[in-house]
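Student: Just passing along the structure, written as structure tokens.
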Amino acid sequence: MPMPDTDTSSPKHLRDKYAIVGVGETTYTRGSGVTTRALGTWAVRNAIEDAGLKASDVDGMLSYQSGDSTFSTFIAGDLGLRLNFYMDVFGGGSSTEALIGMAMGLIEAGMCKTVAIFRAMNGFSQVRIGGTGARAAAPVMGDALHGRAYGWQSAGQMFAPTFMRHMHDYGTRPEQVAHVKHFHSCHASNNPKAFYKKRYSVDEVVSSRFICKPLHLLDCCVETDNGTALIVTSAERARNLRHHPVLIRGVVGRCSKPRTDMHYQTGPISTVAGHYAREILWPNSGVGPEDIDLTGSYDAFTFTTMLQLEDYGFCKKGEGGDYVSNGTIRLGGKRPNNTSGGHLCEGYTHGINMVIENVRQLRHDADDSCPIGPDGKRQHTYDYREGGCRQVKDAELSANLGWANPGTGSAMVMRRG
Amino acid sequence: MTVQATYLGMPLAIDELDVENLIYFKHCAAHDFHLQRCTKCNLLRYPPTTACPWCMNPKSDWVPVEAKGAVHSYTEVHHAIQPAFKAATPYLVLLVDLDTQKGKPTKDEALRVMGNLTTPDGKLAPPDMVRKVGIGTRVRMVFADAGPGLAIPHWTIDEGAQQPAKPWRYPQE
């Protein structure tokens, strides 16, 4: 696809100057039977091997966690990497794209050359991502008295006032939003790695039990144990590596609404951080939502996918319910979302798996069940029936929309190089 | 001095250095609702902060605030994750627009104060009361005592107020 003329010397944009050259993950399980150190080690190793790099080629490492994982020093030690830079940050779903942007900055500053980014979690078998267990029983201290003392603690509980107000303000209906799970589950059925491969109907979603309104059980993602990793380096270096380069077009990281301590103090509360982030993402990328072939809108819940697609401008404000239910986001539709099945079905990773998926899509190498031809490449059929293909035809441009909470998000546009 | 209490079986605590929360909850313990008012721009803020989010001024006065308003949004929790709330489902977590300062500093803002829906004596509301409340319901603040220096502010239906004909509720009961 011909791209608009760009100024790659711009320190603000750095369009197409950096690439994601390696992706790796462990199996998505409930009961990994190993430590987060082992999960992270395997994921980073897989990503380095995927890139066709050696241990000595990777000299930077970034990770994120919430007091539930291992640190870069252990992963680098286990794999024999000597690092010129590392940093482990606190945080969740808005970290993936933000750390990719930081990796670009590190390389640009000359602090290192190739960066591995990982997230490792036993999100089911150790520290439950949904908040049950030790976190739910912990004492309620200080600022938490304004939240947890009200039984307002889990991600779903905390985000629900935004979801409900969107329904109130725009007439968004439960069955519209339930289509997100329906479509993502169809995608997952074509993903041999997905934890849940079953296709769910809209009726099954809205008739599953309530967790906290407006969320039914099947509006919520699946807690899993996994490690996930990416390798970021310069586009120049990417040209000599194993896969077709996937270039980073533009990135925005942890862009927030006001009052990050309690974003509900500013309104409208049915608007999310994408409303602000899009003003950075699209100008930095030099493209707009209409140019994008596929999206990776974070699906911690069905609603988070819808709200972000809406506020990043894929549809008009208030029309997210129609956008996610009219077939646009399904494989074979105009702009498929989360073709791996995402957090709702493949497994919950705090965002990296959605970037991994779009990297593979832009390589035209989605790891589905299509046969591998004599040239060693997968022969995609574009038949999206259950158990079939999940490669988006001619995918050139993708957008990932990461979500921490209604008030904070990160995003990235990638292109096939 | 550190404040410690137990509420619904949950251990609660405020550190002695956490001056803002100590003052806020001390007023709650006296069943008074006070918020910080900026000494420069005169805007109130919630929850307690160490400076004014509207003008950065670190100085504030604690002033009494009329704690009445309307439900701006809510969630109805059916699957509690905290042990303290498991016996109380379904319970409502309310986000309430106070009448005081509503529409300031812009039309989209309000002091949005959290709380559970409770009975007038501060006990988590029974199911028939939960089903009456939605976006627009008029509520008034009540307090649940937790211990010396600490009570939890909550919301109950304001019986004296003009209620909307039909508050907005999630379409599936």
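Every chain in the structure tokens has a letter given in the order shown (A, B, ...), and although residue numbers restart at 1 in each chain, ligands are simply numbered from 1 in the order shown.
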Taking only C-alpha atoms into account, what are the residues of chain A at most 6 Å from chain B, put as a ChimeraX atom specification?
Tutor: /A:132,136,139-142,150,160-161,165,210-213,265-268
Student: Near region 22-34 of chain A, within 8 Å and counting only C-alpha atoms, which residues show up once chain neighbours fewer than 4 positions away are dropped, as a PyMOL selection string?
Tutor: chain A and resi 38-39+42-52+122+124-125+193-195+223-232+346-347+353+356+359
Student: I'd like the contact shell of region 393-396 of chain A - 10 Å cut-off, only C-alpha atoms, skipping same-chain residues fewer than 2 positions apart - returned as an NGL selection string.
Tutor: :A and (1-2 or 246 or 291-294 or 331-332 or 335 or 358 or 361-364 or 380-382 or 390-391 or 398 or 414-417)
Student: For the residues in the current selection, export N, CA and C atoms as a CSV table (one decimal), in the first residue's frame.
Tutor:
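Below you can see out.csv, which holds the result:
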chain,number,residue,atom,x,y,z
A,1,MET,N,0.9,-1.2,0.0
A,1,MET,CA,0.0,0.0,0.0
A,1,MET,C,0.9,1.2,0.0
A,2,PRO,N,0.7,2.2,-0.9
A,2,PRO,CA,1.5,3.4,-0.9
A,2,PRO,C,1.2,4.2,0.3
A,246,VAL,N,7.8,-5.5,10.3
A,246,VAL,CA,6.5,-4.8,10.7
A,246,VAL,C,6.9,-3.5,11.4
A,291,ASP,N,-8.1,4.3,7.3
A,291,ASP,CA,-7.0,3.6,6.6
A,291,ASP,C,-6.7,2.3,7.2
A,292,ILE,N,-7.2,2.0,8.4
A,292,ILE,CA,-6.8,0.8,9.2
A,292,ILE,C,-7.5,-0.4,8.7
A,293,ASP,N,-6.7,-1.5,8.5
A,293,ASP,CA,-7.3,-2.8,8.0
A,293,ASP,C,-7.8,-3.7,9.2
A,294,LEU,N,-7.1,-3.6,10.3
A,294,LEU,CA,-7.5,-4.5,11.4
A,294,LEU,C,-7.1,-3.8,12.8
A,331,LEU,N,-14.0,-11.4,11.4
A,331,LEU,CA,-13.1,-11.8,10.2
A,331,LEU,C,-14.0,-11.9,9.0
A,332,GLY,N,-13.5,-11.3,7.9
A,332,GLY,CA,-14.3,-11.2,6.7
A,332,GLY,C,-15.0,-9.8,6.6
A,335,ARG,N,-13.2,-4.4,9.0
A,335,ARG,CA,-12.0,-4.1,9.9
A,335,ARG,C,-12.1,-5.0,11.1
A,358,ASN,N,-1.3,-8.9,15.8
A,358,ASN,CA,-1.3,-8.0,14.7
A,358,ASN,C,0.1,-8.0,14.0
A,361,GLN,N,-0.3,-10.9,11.7
A,361,GLN,CA,-1.2,-10.6,10.6
A,361,GLN,C,-0.5,-9.7,9.6
A,362,LEU,N,0.3,-8.8,10.0
A,362,LEU,CA,1.0,-7.9,9.0
A,362,LEU,C,2.1,-8.6,8.3
A,363,ARG,N,2.6,-9.7,8.9
A,363,ARG,CA,3.6,-10.6,8.2
A,363,ARG,C,2.8,-11.5,7.2
A,364,HIS,N,1.5,-11.5,7.3
A,364,HIS,CA,0.6,-12.4,6.5
A,364,HIS,C,0.9,-13.9,6.9
A,380,HIS,N,-2.9,-19.5,3.1
A,380,HIS,CA,-4.2,-19.1,3.7
A,380,HIS,C,-5.3,-19.2,2.7
A,381,THR,N,-6.4,-19.7,3.3
A,381,THR,CA,-7.6,-20.0,2.4
A,381,THR,C,-8.6,-18.8,2.5
A,382,TYR,N,-8.5,-18.0,3.5
A,382,TYR,CA,-9.5,-17.0,3.8
A,382,TYR,C,-10.9,-17.5,4.0
A,390,ARG,N,-7.6,-17.6,9.8
A,390,ARG,CA,-7.9,-16.3,10.4
A,390,ARG,C,-7.0,-15.2,10.0
A,391,GLN,N,-6.4,-15.4,8.8
A,391,GLN,CA,-5.5,-14.3,8.2
A,391,GLN,C,-6.4,-13.3,7.6
A,398,SER,N,-2.4,-1.8,10.9
A,398,SER,CA,-3.2,-2.2,12.1
A,398,SER,C,-3.1,-1.1,13.2
A,414,MET,N,0.8,0.1,13.4
A,414,MET,CA,1.9,-0.6,12.7
A,414,MET,C,1.5,-0.8,11.2
A,415,ARG,N,2.6,-0.9,10.4
A,415,ARG,CA,2.4,-1.2,9.0
A,415,ARG,C,3.3,-2.3,8.5
A,416,ARG,N,2.8,-3.0,7.5
A,416,ARG,CA,3.7,-4.0,6.8
A,416,ARG,C,4.7,-3.3,6.1
A,417,GLY,N,6.0,-3.6,6.4
A,417,GLY,CA,7.1,-2.9,5.8
A,417,GLY,C,7.4,-3.2,4.3
Student: Can you list every residue in region 1-171 of chain B that DSSP puts in strand (DSSP E or B), as a PyMOL selection string?
Tutor: chain B and resi 3-7+10-14+34-38+44-45+60-64+68-77+91-98+112-118+124+135+138-147+150-157+168
Student: Find, counting only C-alpha atoms, the residue in A:Val180, A:Ile248, A:Leu397, A:Ala137 that gets nearest to Leu307 (chain A).
Tutor: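 That would be A:Val180, the residue with the smallest distance to Leu307 (chain A).
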Student: Do a neighbour search on Gly122 (chain B) at 7 Å with only C-alpha atoms, toss out local chain neighbours closer than 2 positions, and write the hits as number ranges by chain.
Tutor: B: 118-120, 124, 142-144, 154
Student: Go ahead and dump the residues you just picked, C-alpha atoms, as a PDB file, in the first residue's frame.
Tutor:
ATOM      1  CA  THR B 118     -27.888   1.605  52.308  1.00  0.00           C
ATOM      2  CA  THR B 119     -30.893   1.806  54.592  1.00  0.00           C
ATOM      3  CA  PRO B 120     -31.230   5.087  56.540  1.00  0.00           C
ATOM      4  CA  LEU B 124     -26.353  -2.370  52.901  1.00  0.00           C
ATOM      5  CA  VAL B 142     -25.812   8.580  55.783  1.00  0.00           C
ATOM      6  CA  PHE B 143     -22.895   7.129  57.739  1.00  0.00           C
ATOM      7  CA  ALA B 144     -21.908   3.638  58.879  1.00  0.00           C
ATOM      8  CA  HIS B 154     -23.060   6.017  52.152  1.00  0.00           C
TER       9      HIS B 154
END
Student: So what do you get for CA of Thr73 (chain A) versus CA of Thr96 (chain A), distance-wise?
Tutor: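 A separation of 19.0 Å between them.
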